[in-house]
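Participant: PDB, C-alpha atoms, saved as query30.pdb, coming up:
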MODEL        1
ATOM      1  CA  MET A 130      83.214 185.376 103.675
ATOM      2  CA  LEU A 131      81.802 184.919 100.178
ATOM      3  CA  ARG A 132      79.972 181.805  98.988
ATOM      4  CA  ARG A 133      78.361 181.087  95.626
ATOM      5  CA  MET A 134      74.764 180.288  96.398
ATOM      6  CA  ALA A 135      72.951 177.022  95.668
ATOM      7  CA  PRO A 136      70.414 177.615  92.851
ATOM      8  CA  SER A 137      67.158 177.055  94.767
ATOM      9  CA  ARG A 138      68.189 178.472  98.136
ATOM     10  CA  TYR A 139      66.497 181.694  99.284
ATOM     11  CA  LEU A 140      64.087 181.853  96.329
ATOM     12  CA  LYS A 141      61.375 183.350  98.554
ATOM     13  CA  HIS A 142      63.750 186.158  99.536
ATOM     14  CA  LEU A 143      64.417 186.920  95.879
ATOM     15  CA  ALA A 144      60.696 186.771  95.030
ATOM     16  CA  ASP A 145      60.038 189.407  97.717
ATOM     17  CA  VAL A 146      62.264 191.936  95.928
ATOM     18  CA  PRO A 147      59.845 194.144  93.946
ATOM     19  CA  LEU A 148      62.129 194.083  90.909
ATOM     20  CA  PHE A 149      61.751 190.276  90.758
ATOM     21  CA  SER A 150      58.212 189.879  92.121
ATOM     22  CA  SER A 151      56.678 188.892  88.783
ATOM     23  CA  CYS A 152      59.395 186.351  87.949
ATOM     24  CA  SER A 153      58.624 182.642  87.645
ATOM     25  CA  THR A 154      60.258 180.053  89.890
ATOM     26  CA  ARG A 155      62.515 179.116  86.978
ATOM     27  CA  ASP A 156      63.589 182.760  86.532
ATOM     28  CA  LEU A 157      64.200 183.062  90.278
ATOM     29  CA  GLN A 158      66.395 179.952  90.155
ATOM     30  CA  LYS A 159      68.515 181.585  87.458
ATOM     31  CA  ILE A 160      68.750 184.738  89.541
ATOM     32  CA  GLY A 161      69.702 182.545  92.510
ATOM     33  CA  LYS A 162      72.637 181.161  90.535
ATOM     34  CA  ALA A 163      73.850 184.711  89.864
ATOM     35  CA  VAL A 164      73.852 185.953  93.469
ATOM     36  CA  ASP A 165      76.498 185.557  96.119
ATOM     37  CA  GLU A 166      75.904 184.962  99.808
ATOM     38  CA  LEU A 167      78.008 187.280 101.936
ATOM     39  CA  GLU A 168      78.595 187.401 105.689
ATOM     40  CA  ILE A 169      79.029 190.940 107.034
ATOM     41  CA  GLU A 170      80.513 191.880 110.402
ATOM     42  CA  ALA A 171      78.757 194.388 112.680
ATOM     43  CA  GLY A 172      79.796 197.980 112.016
ATOM     44  CA  ARG A 173      80.620 197.508 108.336
ATOM     45  CA  GLU A 174      79.185 199.996 105.850
ATOM     46  CA  LEU A 175      77.514 198.072 103.018
ATOM     47  CA  VAL A 176      76.725 201.127 100.885
ATOM     48  CA  LYS A 177      77.692 204.784 101.201
ATOM     49  CA  GLU A 178      75.327 207.640 100.430
ATOM     50  CA  GLY A 179      76.358 209.400  97.219
ATOM     51  CA  ALA A 180      78.677 206.606  96.060
ATOM     52  CA  THR A 181      78.037 204.948  92.712
ATOM     53  CA  GLY A 182      76.018 201.756  93.118
ATOM     54  CA  HIS A 183      76.924 198.498  91.382
ATOM     55  CA  GLU A 184      74.973 195.869  93.308
ATOM     56  CA  ALA A 185      71.754 195.109  95.155
ATOM     57  CA  PHE A 186      71.356 193.357  98.515
ATOM     58  CA  VAL A 187      68.748 191.117 100.153
ATOM     59  CA  VAL A 188      69.006 190.737 103.949
ATOM     60  CA  ILE A 189      68.814 187.129 105.119
ATOM     61  CA  ASP A 190      69.945 187.520 108.755
ATOM     62  CA  GLY A 191      70.861 190.459 110.991
ATOM     63  CA  THR A 192      69.995 194.147 111.021
ATOM     64  CA  ALA A 193      71.362 197.321 109.488
ATOM     65  CA  ALA A 194      70.759 201.048 109.979
ATOM     66  CA  VAL A 195      69.786 203.141 106.956
ATOM     67  CA  LYS A 196      71.067 206.726 107.204
ATOM     68  CA  ARG A 197      70.519 209.743 104.978
ATOM     69  CA  GLY A 198      72.481 212.902 105.696
ATOM     70  CA  GLY A 199      73.854 211.180 108.806
ATOM     71  CA  ARG A 200      70.320 210.762 110.217
ATOM     72  CA  ARG A 201      68.801 207.328 110.761
ATOM     73  CA  ILE A 202      65.729 206.893 108.565
ATOM     74  CA  ALA A 203      65.082 203.139 108.749
ATOM     75  CA  THR A 204      66.224 199.738 109.952
ATOM     76  CA  MET A 205      66.720 196.791 107.599
ATOM     77  CA  GLY A 206      66.186 193.198 108.719
ATOM     78  CA  PRO A 207      65.553 189.743 107.272
ATOM     79  CA  GLY A 208      63.496 189.956 104.076
ATOM     80  CA  ASP A 209      64.390 193.588 103.395
ATOM     81  CA  HIS A 210      66.301 194.622 100.278
ATOM     82  CA  PHE A 211      68.112 197.676  99.002
ATOM     83  CA  GLY A 212      70.176 198.897  96.082
ATOM     84  CA  GLU A 213      68.120 197.373  93.279
ATOM     85  CA  LEU A 214      68.006 200.624  91.303
ATOM     86  CA  ALA A 215      71.797 200.389  91.003
ATOM     87  CA  LEU A 216      71.254 197.287  88.873
ATOM     88  CA  LEU A 217      69.428 199.421  86.340
ATOM     89  CA  ASP A 218      71.355 202.680  86.247
ATOM     90  CA  GLY A 219      74.481 202.504  88.425
ATOM     91  CA  GLY A 220      73.415 205.822  89.926
ATOM     92  CA  PRO A 221      74.450 207.273  93.269
ATOM     93  CA  ARG A 222      73.251 205.668  96.491
ATOM     94  CA  THR A 223      70.449 207.620  98.160
ATOM     95  CA  ALA A 224      71.447 206.503 101.673
ATOM     96  CA  SER A 225      74.145 204.708 103.631
ATOM     97  CA  VAL A 226      73.515 201.253 105.094
ATOM     98  CA  VAL A 227      75.599 200.089 108.081
ATOM     99  CA  ALA A 228      75.415 196.623 109.683
ATOM    100  CA  GLU A 229      74.305 196.858 113.327
ATOM    101  CA  THR A 230      74.728 193.135 113.934
ATOM    102  CA  PRO A 231      76.527 190.389 112.047
ATOM    103  CA  MET A 232      74.554 189.888 108.843
ATOM    104  CA  LYS A 233      74.050 187.450 106.022
ATOM    105  CA  VAL A 234      73.040 189.041 102.703
ATOM    106  CA  LEU A 235      72.552 188.019  99.106
ATOM    107  CA  VAL A 236      74.389 190.251  96.636
ATOM    108  CA  LEU A 237      73.594 190.636  92.940
ATOM    109  CA  GLY A 238      76.091 192.621  90.911
ATOM    110  CA  GLN A 239      75.280 194.827  87.952
ATOM    111  CA  ARG A 240      77.332 192.676  85.555
ATOM    112  CA  GLU A 241      75.561 189.471  86.658
ATOM    113  CA  PHE A 242      72.209 191.220  86.369
ATOM    114  CA  SER A 243      72.996 192.331  82.810
ATOM    115  CA  GLY A 244      73.917 188.737  81.961
ATOM    116  CA  LEU A 245      70.572 187.555  83.332
ATOM    117  CA  ILE A 246      68.714 190.051  81.143
ATOM    118  CA  ASP A 247      70.499 188.575  78.120
ATOM    119  CA  GLU A 248      70.080 184.938  79.230
ATOM    120  CA  VAL A 249      66.458 184.905  80.411
ATOM    121  CA  PRO A 250      63.952 185.778  77.683
ATOM    122  CA  GLY A 251      61.151 187.863  79.097
ATOM    123  CA  LEU A 252      62.969 188.875  82.281
ATOM    124  CA  ALA A 253      63.347 192.483  81.100
ATOM    125  CA  HIS A 254      59.602 192.650  80.405
ATOM    126  CA  LYS A 255      58.778 191.251  83.850
ATOM    127  CA  ILE A 256      61.106 193.773  85.480
ATOM    128  CA  LEU A 257      59.553 196.647  83.524
ATOM    129  CA  THR A 258      56.099 195.481  84.653
ATOM    130  CA  SER A 259      57.271 195.428  88.263
ATOM    131  CA  LEU A 260      58.793 198.906  87.959
ATOM    132  CA  ALA A 261      55.580 200.255  86.420
ATOM    133  CA  SER A 262      53.613 198.863  89.357
ATOM    134  CA  THR A 263      55.988 200.505  91.835
ATOM    135  CA  ILE A 264      55.716 203.849  90.033
ATOM    136  CA  ARG A 265      51.909 203.623  90.116
ATOM    137  CA  GLU A 266      51.977 202.925  93.876
ATOM    138  CA  LEU A 267      54.283 205.882  94.503
ATOM    139  CA  ASP A 268      52.115 208.092  92.308
ATOM    140  CA  GLN A 269      49.048 207.165  94.387
ATOM    141  CA  LYS A 270      50.928 208.064  97.594
ATOM    142  CA  ILE A 271      52.052 211.424  96.257
ATOM    143  CA  TYR A 272      48.823 212.341  94.412
ATOM    144  CA  PRO A 273      45.999 210.547  96.257
TER     145      PRO A 273
ENDMDL
END
Take the structure in the file and write it out as structure tokens.

Facilitator:
Amino acid sequence: MLRRMAPSRYLKHLADVPLFSSCSTRDLQKIGKAVDELEIEAGRELVKEGATGHEAFVVIDGTAAVKRGGRRIATMGPGDHFGELALLDGGPRTASVVAETPMKVLVLGQREFSGLIDEVPGLAHKILTSLASTIRELDQKIYP
């Protein structure tokens, strides 16, 4: 079941996504208008490892298993997010994600994301800042 989301609903969930962490409340409201709320049944595969990605997800309710090479590597639950790199490059998924329970997720498509970049002045800069921060954190983990 797909529902267009109310503008201010779930703003905290969107703010917790690293890609959007430096966005203002106003920017988050615009992002909120661009996402869809989707109900997922247990057992459904949300993304498939190796497949081209075209959307990002934020988990609102429920849990999902993250698998790489058929091996479970993580569990996603409320507040978790995945697929945001697909918004930037449409590259292949690095893992599969399968709903373990019924879930509610927010979905942001690549086309809607591109529209936001055009519509919201400064959003691209904020996203680049967030990505730079993430790269620095990963660098510190790899090369302490």

Participant: Written as a VMD selection string, what is the full residue list that the PyMOL selection byres ((chain A and resi 190) around 8) yields on the file shown?

Facilitator: chain A and resid 188 to 189 191 to 192 206 to 207 231 to 234

Participant: Using atom CA of A:Gly208 and atom CA of A:Val187 as the two end points, give the distance in Å to one decimal.

Facilitator: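 Value for the atom CA of A:Gly208-atom CA of A:Val187 distance: 6.7 Å.
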
Participant: Please, which residues are within 10 Å of (64.3, 192.9, 90.7) by the file's coordinates, counting all atoms listed in the file, and could they come as a VMD selection string?

Facilitator: chain A and resid 143 to 152 157 160 185 210 212 to 214 216 to 217 237 242 252 to 253 255 to 257 259 to 260

Participant: Once you have the residues from the selection above, write them out as a tab-separated table (two decimals), in the frame of the given file, restricted to C-alpha atoms.

Facilitator:
chain	number	residue	atom	x	y	z
A	143	LEU	CA	64.42	186.92	95.88
A	144	ALA	CA	60.70	186.77	95.03
A	145	ASP	CA	60.04	189.41	97.72
A	146	VAL	CA	62.26	191.94	95.93
A	147	PRO	CA	59.84	194.14	93.95
A	148	LEU	CA	62.13	194.08	90.91
A	149	PHE	CA	61.75	190.28	90.76
A	150	SER	CA	58.21	189.88	92.12
A	151	SER	CA	56.68	188.89	88.78
A	152	CYS	CA	59.40	186.35	87.95
A	157	LEU	CA	64.20	183.06	90.28
A	160	ILE	CA	68.75	184.74	89.54
A	185	ALA	CA	71.75	195.11	95.16
A	210	HIS	CA	66.30	194.62	100.28
A	212	GLY	CA	70.18	198.90	96.08
A	213	GLU	CA	68.12	197.37	93.28
A	214	LEU	CA	68.01	200.62	91.30
A	216	LEU	CA	71.25	197.29	88.87
A	217	LEU	CA	69.43	199.42	86.34
A	237	LEU	CA	73.59	190.64	92.94
A	242	PHE	CA	72.21	191.22	86.37
A	252	LEU	CA	62.97	188.88	82.28
A	253	ALA	CA	63.35	192.48	81.10
A	255	LYS	CA	58.78	191.25	83.85
A	256	ILE	CA	61.11	193.77	85.48
A	257	LEU	CA	59.55	196.65	83.52
A	259	SER	CA	57.27	195.43	88.26
A	260	LEU	CA	58.79	198.91	87.96

Participant: Need to verify the contact set: A:Gly172, 7 Å, only C-alpha atoms, exclusion of same-chain residues closer than 3 positions in sequence. Can you return it as a list in words?

Facilitator: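 Counting only the stated atoms, we get Val227, Ala228 and Glu229 of chain A.
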
Participant: Could you tell me which of A:Ile264, A:Ile271, A:Val164, A:Ile202 comes closest to A:Ala224 if we count all atoms listed in the file?

Facilitator: A:Ile202

Participant: I would like the residues chosen by the PyMOL selection byres ((chain A and resi 221-223) around 7) on the shown file; could you give them as a ChimeraX atom specification?

Facilitator: /A:177-182,219-220,224

Participant: Evaluate the PyMOL selection byres ((chain A and resi 240) around 10) and record the selected residues as an NGL selection string, following the chain and residue labels used in the document.

Facilitator: :A and (163 or 183-184 or 216 or 237-239 or 241-245)

Participant: I need the residue nearest A:Val226 from this list: A:Asp247, A:Asp268, A:Asp209, A:Glu174. Use only C-alpha atoms for the distance.

Facilitator: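 Between A:Asp247, A:Asp268, A:Asp209, A:Glu174, the residue approaching A:Val226 most closely is A:Glu174.
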
Participant: Expressed in Å to a single decimal, how great is the separation between atom CA of A:Thr154 and atom CA of A:Ser262?

Facilitator: 20.0 Å

Participant: Report, in Å with one decimal, the straight-line distance from atom CA of A:Ser225 to atom CA of A:Phe186.

Facilitator: 12.8 Å

Participant: Please determine, counting only C-alpha atoms, which residue among A:Glu248, A:Phe211, A:Ala261, A:Asp156 has the shortest atom-to-atom distance to A:Val176.

Facilitator: A:Phe211
